[in-house]
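Q: Structure: query01.txt, compact mmCIF, C-alpha atoms and all ligand atoms.
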```txt
# COMPACT_ATOMS: atom_id res chain seq x y z
CA MET A 406 166.76 33.09 -91.06
CA ALA A 407 167.30 31.54 -94.42
CA ASN A 408 170.78 30.63 -95.46
CA VAL A 409 170.76 29.50 -99.03
CA ARG A 410 173.50 27.46 -100.60
CA LYS A 411 174.12 27.93 -104.34
CA GLY A 412 171.30 30.16 -105.32
CA ARG A 413 168.91 33.04 -104.85
CA LEU A 414 165.70 33.64 -103.08
CA LYS A 415 162.74 31.17 -103.22
CA THR A 416 163.65 28.05 -101.25
CA ASP A 417 161.49 25.46 -103.05
CA LYS A 418 162.22 26.94 -106.52
CA LEU A 419 165.95 26.84 -105.80
CA ALA A 420 165.72 23.20 -104.82
CA ASP A 421 163.76 22.48 -108.05
CA GLN A 422 166.72 23.96 -109.95
CA GLY A 423 169.09 21.48 -108.32
CA HIS A 424 170.51 23.71 -105.61
CA THR A 425 170.82 22.59 -102.03
CA VAL A 426 169.06 24.97 -99.66
CA VAL A 427 169.89 25.10 -95.97
CA GLY A 428 167.88 27.14 -93.48
CA VAL A 429 168.11 27.83 -89.77
CA GLU A 430 165.05 28.98 -87.83
CA ALA A 431 164.26 29.09 -84.13
CA SER A 432 160.51 28.60 -84.55
CA GLU A 433 159.53 25.01 -85.27
CA LEU A 434 156.00 26.17 -86.09
CA ALA A 435 157.37 28.35 -88.88
CA VAL A 436 159.40 25.45 -90.30
CA GLN A 437 156.41 23.09 -90.16
CA ALA A 438 154.30 25.74 -91.91
CA PHE A 439 156.92 26.10 -94.67
CA PHE A 440 156.80 22.37 -95.50
CA THR A 441 153.01 22.08 -95.13
CA GLU A 442 152.10 25.20 -97.09
CA ASN A 443 154.43 24.22 -99.94
CA GLY A 444 153.20 20.58 -99.92
CA ILE A 445 156.73 19.21 -99.41
CA GLN A 446 157.09 15.77 -97.82
CA HIS A 447 159.70 15.68 -95.10
CA THR A 448 161.38 13.75 -92.35
CA VAL A 449 162.43 15.12 -88.98
CA THR A 450 165.52 13.97 -87.10
CA ASP A 451 167.08 15.10 -83.86
CA VAL A 452 170.57 16.58 -83.72
CA PRO A 453 170.98 16.16 -79.96
CA ALA A 454 174.58 17.39 -79.69
CA ILE A 455 173.42 20.97 -80.31
CA ASP A 456 169.75 20.61 -79.44
CA PHE A 457 168.60 21.04 -83.07
CA LYS A 458 166.01 19.27 -85.18
CA LEU A 459 166.59 18.78 -88.90
CA TYR A 460 163.70 18.89 -91.38
CA GLN A 461 164.62 17.38 -94.77
CA ASP A 462 162.77 16.76 -98.02
CA PRO A 463 163.04 13.28 -99.62
CA ASP A 464 165.77 14.45 -102.08
CA ASN A 465 167.78 16.07 -99.28
CA LYS A 466 167.78 19.31 -101.30
CA ILE A 467 165.97 21.30 -98.61
CA ARG A 468 167.46 21.05 -95.14
CA ILE A 469 166.06 23.30 -92.46
CA TYR A 470 167.42 23.24 -88.94
CA VAL A 471 165.26 24.23 -85.97
CA GLY A 472 167.32 25.75 -83.21
CA ASP A 473 169.44 28.67 -82.11
CA PHE A 474 171.42 29.99 -85.04
CA PHE A 475 174.37 30.75 -82.76
CA LYS A 476 174.92 27.01 -82.40
CA PHE A 477 175.15 26.59 -86.19
CA SER A 478 178.63 26.41 -87.73
CA LYS A 479 180.58 25.79 -90.94
CA GLU A 480 181.32 22.26 -89.73
CA MET A 481 177.65 21.34 -90.18
CA GLU A 482 177.05 22.25 -93.83
CA GLY A 483 180.27 23.74 -95.18
CA GLU A 484 180.47 27.18 -96.80
CA PHE A 485 177.66 28.82 -98.74
CA ASP A 486 177.74 30.34 -102.23
CA GLY A 487 174.59 32.34 -101.59
CA ILE A 488 172.84 33.59 -98.47
CA TRP A 489 169.39 35.14 -98.17
CA ASP A 490 168.89 36.88 -94.85
CA ARG A 491 165.31 38.08 -94.59
CA ALA A 492 165.49 40.65 -91.81
CA ALA A 493 167.21 38.20 -89.45
CA LEU A 494 169.86 40.74 -88.48
CA GLY A 495 167.04 42.97 -87.22
CA SER A 496 165.46 40.07 -85.32
CA ILE A 497 168.32 39.25 -83.00
CA HIS A 498 169.24 41.10 -79.79
CA LEU A 499 171.24 44.27 -80.45
CA GLU A 500 174.14 43.06 -78.30
CA ASP A 501 174.42 39.90 -80.49
CA ARG A 502 174.88 41.71 -83.79
CA GLU A 503 178.69 41.54 -83.96
CA ARG A 504 178.65 37.86 -83.03
CA TYR A 505 175.97 37.28 -85.67
CA VAL A 506 177.97 39.00 -88.41
CA LYS A 507 181.13 37.08 -87.46
CA LEU A 508 179.24 33.80 -87.75
CA MET A 509 177.62 34.75 -91.07
CA VAL A 510 180.96 35.75 -92.59
CA SER A 511 182.48 32.43 -91.43
CA LEU A 512 179.79 30.65 -93.49
CA MET A 513 180.56 32.53 -96.73
CA SER A 514 182.58 30.91 -99.51
CA GLU A 515 185.17 33.16 -101.21
CA ASP A 516 182.68 34.21 -103.93
CA CYS A 517 179.56 34.09 -101.81
CA GLN A 518 176.81 36.60 -102.55
CA TYR A 519 175.05 37.45 -99.31
CA LEU A 520 171.78 39.35 -99.70
CA ALA A 521 170.18 40.85 -96.61
CA GLU A 522 167.25 43.12 -95.94
CA ALA A 523 166.88 45.38 -92.92
CA TYR A 524 164.32 47.93 -91.72
CA TYR A 525 165.16 51.45 -90.72
CA TYR A 526 162.42 53.35 -88.90
CA GLU A 527 161.99 56.30 -86.58
CA GLY A 528 159.22 58.46 -85.18
CA THR A 529 156.96 58.93 -82.20
CA CYS A 530 154.46 56.25 -83.27
CA THR A 531 156.56 53.37 -84.46
CA MET A 532 155.52 49.88 -83.46
CA GLN A 533 152.42 48.02 -82.30
CA ARG A 534 154.68 45.93 -80.08
CA ILE A 535 158.24 46.12 -78.80
CA PRO A 536 160.99 45.27 -81.31
CA PRO A 537 162.09 43.11 -83.13
CA PRO A 538 162.42 44.08 -85.82
CA HIS A 539 164.98 46.56 -84.55
CA SER A 540 165.58 49.70 -86.52
CA THR A 541 168.91 49.35 -88.32
CA ARG A 542 170.61 52.40 -89.79
CA PRO A 543 172.60 51.92 -93.00
CA ASP A 544 175.76 53.25 -91.29
CA THR A 545 175.37 50.52 -88.64
CA ILE A 546 175.31 47.90 -91.39
CA TYR A 547 178.41 49.38 -93.08
CA LYS A 548 180.24 49.46 -89.75
CA LEU A 549 179.34 45.88 -88.83
CA PHE A 550 180.76 44.54 -92.10
CA GLU A 551 183.50 47.11 -92.80
CA TYR A 552 186.53 44.86 -92.13
CA THR A 553 185.28 41.66 -93.77
CA CYS A 554 182.97 42.53 -96.66
CA ASP A 555 182.31 44.98 -99.45
CA VAL A 556 178.83 46.33 -98.86
CA LYS A 557 176.47 47.57 -101.57
CA MET A 558 173.02 48.91 -100.88
CA ILE A 559 171.21 47.63 -103.95
CA GLU A 560 167.67 48.79 -103.20
CA HIS A 561 165.81 50.99 -100.78
CA VAL A 562 162.05 51.25 -100.54
CA ASP A 563 160.24 54.08 -98.78
CA LEU A 564 157.50 52.00 -97.19
CA LYS A 565 155.54 55.13 -96.26
CA GLN A 566 154.74 55.38 -99.96
CA VAL A 567 153.33 51.86 -100.35
CA ASP A 568 150.52 49.77 -98.82
CA PHE A 569 152.94 48.02 -96.48
CA ILE A 570 152.59 50.90 -94.03
CA CYS A 571 149.21 49.51 -92.92
CA SER A 572 150.74 46.19 -91.84
CA PRO A 573 151.76 45.27 -88.32
CA PRO A 574 154.10 45.51 -86.52
CA PHE A 575 154.47 49.11 -87.69
CA LYS A 576 151.88 51.74 -86.87
CA PRO A 577 150.38 53.69 -89.78
CA GLU A 578 151.42 56.97 -88.11
CA ILE A 579 155.12 56.08 -88.18
CA ASP A 580 157.24 59.00 -89.45
CA VAL A 581 160.02 57.22 -91.33
CA LEU A 582 160.10 53.63 -92.55
CA PHE A 583 162.53 52.24 -95.08
CA LEU A 584 163.39 48.73 -96.20
CA TYR A 585 166.98 48.38 -97.41
CA LEU A 586 168.45 45.54 -99.42
CA TYR A 587 172.21 44.98 -99.13
CA LEU A 588 174.69 42.79 -100.98
CA PHE A 589 177.76 41.63 -99.05
CA THR A 590 180.74 40.05 -100.77
CA LYS A 591 183.94 38.99 -99.05
CA LYS A 592 186.84 41.41 -99.26
CA LYS A 593 189.61 39.90 -101.43
C1 LIG B 1 162.02 38.40 -90.11
S1 LIG B 1 161.78 36.75 -89.58
C2 LIG B 1 162.18 35.83 -91.05
C3 LIG B 1 161.43 34.53 -91.08
C4 LIG B 1 161.74 33.61 -92.28
N1 LIG B 1 163.12 33.17 -92.31
C5 LIG B 1 161.36 34.25 -93.59
O1 LIG B 1 162.24 34.44 -94.43
O2 LIG B 1 160.18 34.52 -93.80
C6 LIG B 1 163.18 36.49 -88.55
C7 LIG B 1 163.23 35.11 -87.94
O3 LIG B 1 164.45 34.98 -87.20
C8 LIG B 1 164.20 34.00 -86.23
N2 LIG B 1 165.26 34.08 -85.22
C9 LIG B 1 165.55 35.09 -84.35
N3 LIG B 1 166.61 34.78 -83.58
C10 LIG B 1 167.01 33.53 -83.95
C11 LIG B 1 168.05 32.66 -83.52
N4 LIG B 1 168.90 33.02 -82.54
N5 LIG B 1 168.17 31.46 -84.12
C12 LIG B 1 167.34 31.09 -85.12
N6 LIG B 1 166.32 31.88 -85.59
C13 LIG B 1 166.16 33.08 -85.00
C14 LIG B 1 162.81 34.30 -85.68
O4 LIG B 1 162.21 33.14 -85.15
C15 LIG B 1 162.11 34.80 -86.95
O5 LIG B 1 161.26 33.82 -87.51
```
Write out the structure in this file as structure tokens.
A:
Amino acid sequence: MANVRKGRLKTDKLADQGHTVVGVEASELAVQAFFTENGIQHTVTDVPAIDFKLYQDPDNKIRIYVGDFFKFSKEMEGEFDGIWDRAALGSIHLEDRERYVKLMVSLMSEDCQYLAEAYYYEGTCTMQRIPPPHSTRPDTIYKLFEYTCDVKMIEHVDLKQVDFICSPPFKPEIDVLFLYLYLFTKKK
């Protein structure tokens, strides 16, 4: 999950532009790889109260927490002006979706722009392993956010038409595979 304060997509580029970027990710390996692959020096501190670790760059512009997102809250980093959610909604257990959306909305500032992508797939030959990512229908997304946010689908890509279809975890024989990009803004 990448929750981005004051900005758009690329974490290190956003920090270069003066934005503060905050991320939350369960996999410490993934967080270590982010800092190593981008050549960013960092310190690691424990946040024992909630069983998190915090990875920070020397300017404190990139702050990535390792831990369970459901223990993250507004009290830790305030509200966010921008959020980039790269298929995280599809990565969590189906029964946690409403709880997830409630938490995400609680982190949005009044004018927050929350961008999220989600896969929708169906067919007899779908995955090389069991989900996640879970298939997420657009109407499910609209329903999850209907009371709190205006929802705009700003892009949809038919992945059957592009090279992506050959990539795991999806099988090449899959019948239907779309990637949707949504923009959520708080209802006024
Ligand atoms: C589609 S991946 C996105 C990875 C990365 N943020 C990116 O943008 O490339 C979804 C990620 O959600 C993480 N995840 C799933 N459930 C989580 C939770 N409860 N708390 C924190 N991270 C979680 C998984 O570890 C996985 O790396």
Q: Could you give me, as a list in words, the residues that have an atom at most 12 Å away from the point (157.7, 13.5, -96.7) in the coordinates of the file, using only C-alpha atoms?
A: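 Selection result: Gln437, Phe440, Thr441, Asn443, Gly444, Ile445, Gln446, His447, Thr448, Val449, Tyr460, Gln461, Asp462, Pro463, Asp464, Asn465 and Ile467 of chain A.
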Q: Pick from A:Ala431, A:Val436, A:Met513, A:Met481: nearest to Ala493 in chain A, with all atoms listed in the file counted?
A: A:Ala431
Q: Could you state the separation of CA of Lys507 in chain A and CA of Lys418 in chain A in Å, given to one decimal place?
A: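 Pair CA of Lys507 in chain A / CA of Lys418 in chain A returns 28.7 Å.
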Q: With only C-alpha atoms and all ligand atoms as the atoms that count, which of A:Val567, A:Cys517, A:Leu549, A:Pro574 lies nearest to ligand LIG 1 (chain B)?
A: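 When distances to ligand LIG 1 (chain B) are compared using only C-alpha atoms and all ligand atoms, the smallest one comes from A:Pro574.
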Q: Once you count only C-alpha atoms and all ligand atoms, what closest atom pair and distance in Å to one decimal does each residue of chain A within 10 Å of ligand LIG 1 (chain B) have, with rows by chain and rising residue number, as a tab-separated table?
A:
```
residue	atom	partner	partner_atom	distance
A:Met406	CA	B:LIG1	N1	3.8
A:Ala407	CA	B:LIG1	N1	5.0
A:Asn408	CA	B:LIG1	N1	8.7
A:Leu414	CA	B:LIG1	O1	9.4
A:Lys415	CA	B:LIG1	O1	9.4
A:Thr416	CA	B:LIG1	O1	9.5
A:Gly428	CA	B:LIG1	N1	7.8
A:Val429	CA	B:LIG1	C12	5.7
A:Glu430	CA	B:LIG1	N6	3.9
A:Ala431	CA	B:LIG1	N6	3.8
A:Ser432	CA	B:LIG1	O4	4.9
A:Glu433	CA	B:LIG1	O4	8.6
A:Leu434	CA	B:LIG1	O4	9.4
A:Ala435	CA	B:LIG1	O5	6.9
A:Val436	CA	B:LIG1	C4	8.7
A:Phe439	CA	B:LIG1	O2	9.1
A:Tyr470	CA	B:LIG1	C12	8.7
A:Val471	CA	B:LIG1	C12	7.2
A:Gly472	CA	B:LIG1	C12	5.7
A:Asp473	CA	B:LIG1	N5	3.7
A:Phe474	CA	B:LIG1	N5	3.7
A:Phe475	CA	B:LIG1	N4	5.9
A:Lys476	CA	B:LIG1	N5	8.3
A:Phe477	CA	B:LIG1	N5	8.8
A:Trp489	CA	B:LIG1	O1	8.1
A:Asp490	CA	B:LIG1	O1	7.1
A:Arg491	CA	B:LIG1	O1	4.8
A:Ala492	CA	B:LIG1	C1	4.5
A:Ala493	CA	B:LIG1	C6	4.5
A:Leu494	CA	B:LIG1	C6	7.9
A:Gly495	CA	B:LIG1	C1	7.4
A:Ser496	CA	B:LIG1	C9	5.1
A:Ile497	CA	B:LIG1	N3	4.8
A:His498	CA	B:LIG1	N3	7.8
A:Asp501	CA	B:LIG1	N4	9.1
A:Tyr505	CA	B:LIG1	N4	8.8
A:Glu522	CA	B:LIG1	C1	9.1
A:Ala523	CA	B:LIG1	C1	9.0
A:Tyr524	CA	B:LIG1	C1	9.9
A:Pro537	CA	B:LIG1	C1	8.4
A:Pro538	CA	B:LIG1	C1	7.1
```
Q: Please report as JSON lines every residue of range 510-539 of chain A lying within 7 Å of range 578-591 of chain A, along with the nearest atom pair and their distance in Å (one decimal), using only C-alpha atoms.
A:
```
{"residue": "A:Glu515", "atom": "CA", "partner": "A:Lys591", "partner_atom": "CA", "distance": 6.3}
{"residue": "A:Asp516", "atom": "CA", "partner": "A:Thr590", "partner_atom": "CA", "distance": 6.9}
{"residue": "A:Cys517", "atom": "CA", "partner": "A:Thr590", "partner_atom": "CA", "distance": 6.2}
{"residue": "A:Gln518", "atom": "CA", "partner": "A:Thr590", "partner_atom": "CA", "distance": 5.5}
{"residue": "A:Tyr519", "atom": "CA", "partner": "A:Phe589", "partner_atom": "CA", "distance": 5.0}
{"residue": "A:Leu520", "atom": "CA", "partner": "A:Leu588", "partner_atom": "CA", "distance": 4.7}
{"residue": "A:Ala521", "atom": "CA", "partner": "A:Tyr587", "partner_atom": "CA", "distance": 5.2}
{"residue": "A:Glu522", "atom": "CA", "partner": "A:Leu586", "partner_atom": "CA", "distance": 4.4}
{"residue": "A:Ala523", "atom": "CA", "partner": "A:Tyr585", "partner_atom": "CA", "distance": 5.4}
{"residue": "A:Tyr524", "atom": "CA", "partner": "A:Leu584", "partner_atom": "CA", "distance": 4.6}
{"residue": "A:Tyr525", "atom": "CA", "partner": "A:Phe583", "partner_atom": "CA", "distance": 5.2}
{"residue": "A:Tyr526", "atom": "CA", "partner": "A:Leu582", "partner_atom": "CA", "distance": 4.3}
{"residue": "A:Glu527", "atom": "CA", "partner": "A:Val581", "partner_atom": "CA", "distance": 5.2}
{"residue": "A:Gly528", "atom": "CA", "partner": "A:Asp580", "partner_atom": "CA", "distance": 4.7}
{"residue": "A:Thr529", "atom": "CA", "partner": "A:Ile579", "partner_atom": "CA", "distance": 6.9}
{"residue": "A:Cys530", "atom": "CA", "partner": "A:Ile579", "partner_atom": "CA", "distance": 5.0}
{"residue": "A:Thr531", "atom": "CA", "partner": "A:Ile579", "partner_atom": "CA", "distance": 4.8}
```
Q: Could you tell me which of A:Asp563, A:Glu503, A:Asp417, A:Glu484 comes closest to Thr545 in chain A if we count all atoms listed in the file?
A: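 Going through A:Asp563, A:Glu503, A:Asp417, A:Glu484 one by one, the smallest distance to Thr545 in chain A is for A:Glu503.
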Q: Just checking: using only C-alpha atoms, which residue out of A:Asp486, A:Phe457, A:Thr553, A:Val427 ends up closest to Ile469 in chain A?
A: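 The closest residue to Ile469 in chain A is A:Val427.
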Q: What does the distance from CA of Ser511 in chain A to CA of Gly487 in chain A come to in Å, to one decimal?
A: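 Those two atoms sit 12.9 Å apart.
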Q: Could you check which of A:Gln533, A:Thr541, A:Thr425, A:Cys554 is closest to Val510 in chain A, using all atoms listed in the file?
A: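 Smallest separation from Val510 in chain A among the options: A:Cys554.
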Q: Go ahead and compute the interatomic distance for CA of Gln566 in chain A and CA of His539 in chain A, in Å to one decimal.
A: 20.5 Å
Q: I need the residue nearest Val556 in chain A from this list: A:Arg504, A:Lys592, A:Lys466, A:Arg542. Use all atoms listed in the file for the distance.
A: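 Selected residue with least distance to Val556 in chain A: A:Lys592.
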